[in-house]
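Trainee: First the structure, which I've put down as structure tokens, then a few questions once you've had a look.
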Amino acid sequence: MNAIETYVDELAAELRGPARVKARMVQEIRDGLTDTVTARTDAGLPPEQAVQDAVREFGTPAEVAPSCQRELTVAQTRHTAFALLVTVPVLLGGWRLASTIGRDQSVPTSQTAQLLAAVAGTAAVVGCAVLLITRRLAVPGRLPLVLGWTGTAASIAMPLASIALATTLPPAENWPLLLLLAAGTVAAHFALAYSAKVCRECAAQVD
């Protein structure tokens, strides 16, 4: 059984993708190997021979990894697209509220913030399209890479837009809103930036 653990450890080391999906996939392979080895040893084969036969049947980690990685890449692409749909609209609502308060306080609208918000909003639209595409069709080869960079661009635009808006509002009058906006932006940035990074890594694995 130590040989099986070595096998799944080698396989896991080669894979990138959502942690839960990856863990479930590796566990299914571990269970399959264990069941195969158990069946062969019950039939009278020595344990070492049973493990060798099971690995021959399943394929080596290097042989199994590409098909596993393709499945993980699809899952990570959808995960990143969903992250875009969760984070960007919430921040767009916060930015809109901040802009409305700024106009009520006779603060000029930040053109930079509007441009950056448009970048993030466009990324969210791309994320929505990707979710629809991956639900109905096979994932095109370059789609995970495109979405990875789209998510990265949005993760950069979000804090910059929040900073641009925050610098236009009087802090003494608006500190609760600014604090809430800052906390939401930081959380959204790290969640989306990490997911987009993994998406790009998955895309590199299947190239």
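Chain identifiers are assigned as A, B, and so on, following the order in which chains appear in the structure tokens; residues are numbered from 1 within each chain, and ligands are numbered from 1 in order of appearance.
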Tell me, counting only C-alpha atoms, for each residue of region 61-136 of chain A within 12 Å of region 178-196 of chain A, which pair of atoms is nearest and how far apart they are in Å to one decimal, in rows ordered by chain and increasing number, as a tab-separated table.
Mentor:
```
residue	atom	partner	partner_atom	distance
A:Thr73	CA	A:Ser195	CA	11.6
A:Ala75	CA	A:Ser195	CA	11.2
A:Gln76	CA	A:Ser195	CA	7.6
A:Thr77	CA	A:Ala196	CA	8.5
A:Arg78	CA	A:Ser195	CA	10.1
A:His79	CA	A:Ser195	CA	7.3
A:Thr80	CA	A:Ser195	CA	5.4
A:Ala81	CA	A:Ala196	CA	8.9
A:Phe82	CA	A:Leu192	CA	9.5
A:Ala83	CA	A:Leu192	CA	5.9
A:Leu84	CA	A:Leu192	CA	6.8
A:Leu85	CA	A:Leu192	CA	10.1
A:Val86	CA	A:Ala188	CA	8.6
A:Thr87	CA	A:Ala188	CA	5.5
A:Val88	CA	A:Ala188	CA	7.8
A:Pro89	CA	A:Ala188	CA	10.6
A:Val90	CA	A:Gly184	CA	8.4
A:Leu91	CA	A:Thr185	CA	7.0
A:Leu92	CA	A:Leu181	CA	10.4
A:Gly93	CA	A:Leu181	CA	10.0
A:Gly94	CA	A:Leu181	CA	6.5
A:Trp95	CA	A:Leu181	CA	8.0
A:Arg96	CA	A:Leu181	CA	11.1
A:Leu97	CA	A:Leu181	CA	10.0
A:Ala98	CA	A:Leu178	CA	8.3
A:Ser99	CA	A:Leu178	CA	11.7
A:Ile101	CA	A:Leu178	CA	11.3
A:Gly102	CA	A:Leu178	CA	11.7
A:Ala120	CA	A:His189	CA	11.2
A:Ala123	CA	A:Leu192	CA	11.3
A:Ala124	CA	A:Leu192	CA	11.3
A:Gly127	CA	A:Ala196	CA	11.2
```
Trainee: Which is closer to Arg200 (chain A) than all the others in A:Leu143, A:Val126, A:Val37, A:Ala43, using only C-alpha atoms?
Mentor: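 Between A:Leu143, A:Val126, A:Val37, A:Ala43, the residue approaching Arg200 (chain A) most closely is A:Leu143.
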Trainee: Among region 77-110 of chain A, which ones does DSSP place in alpha helix (DSSP H), written as a count of residues only?
Mentor: 28
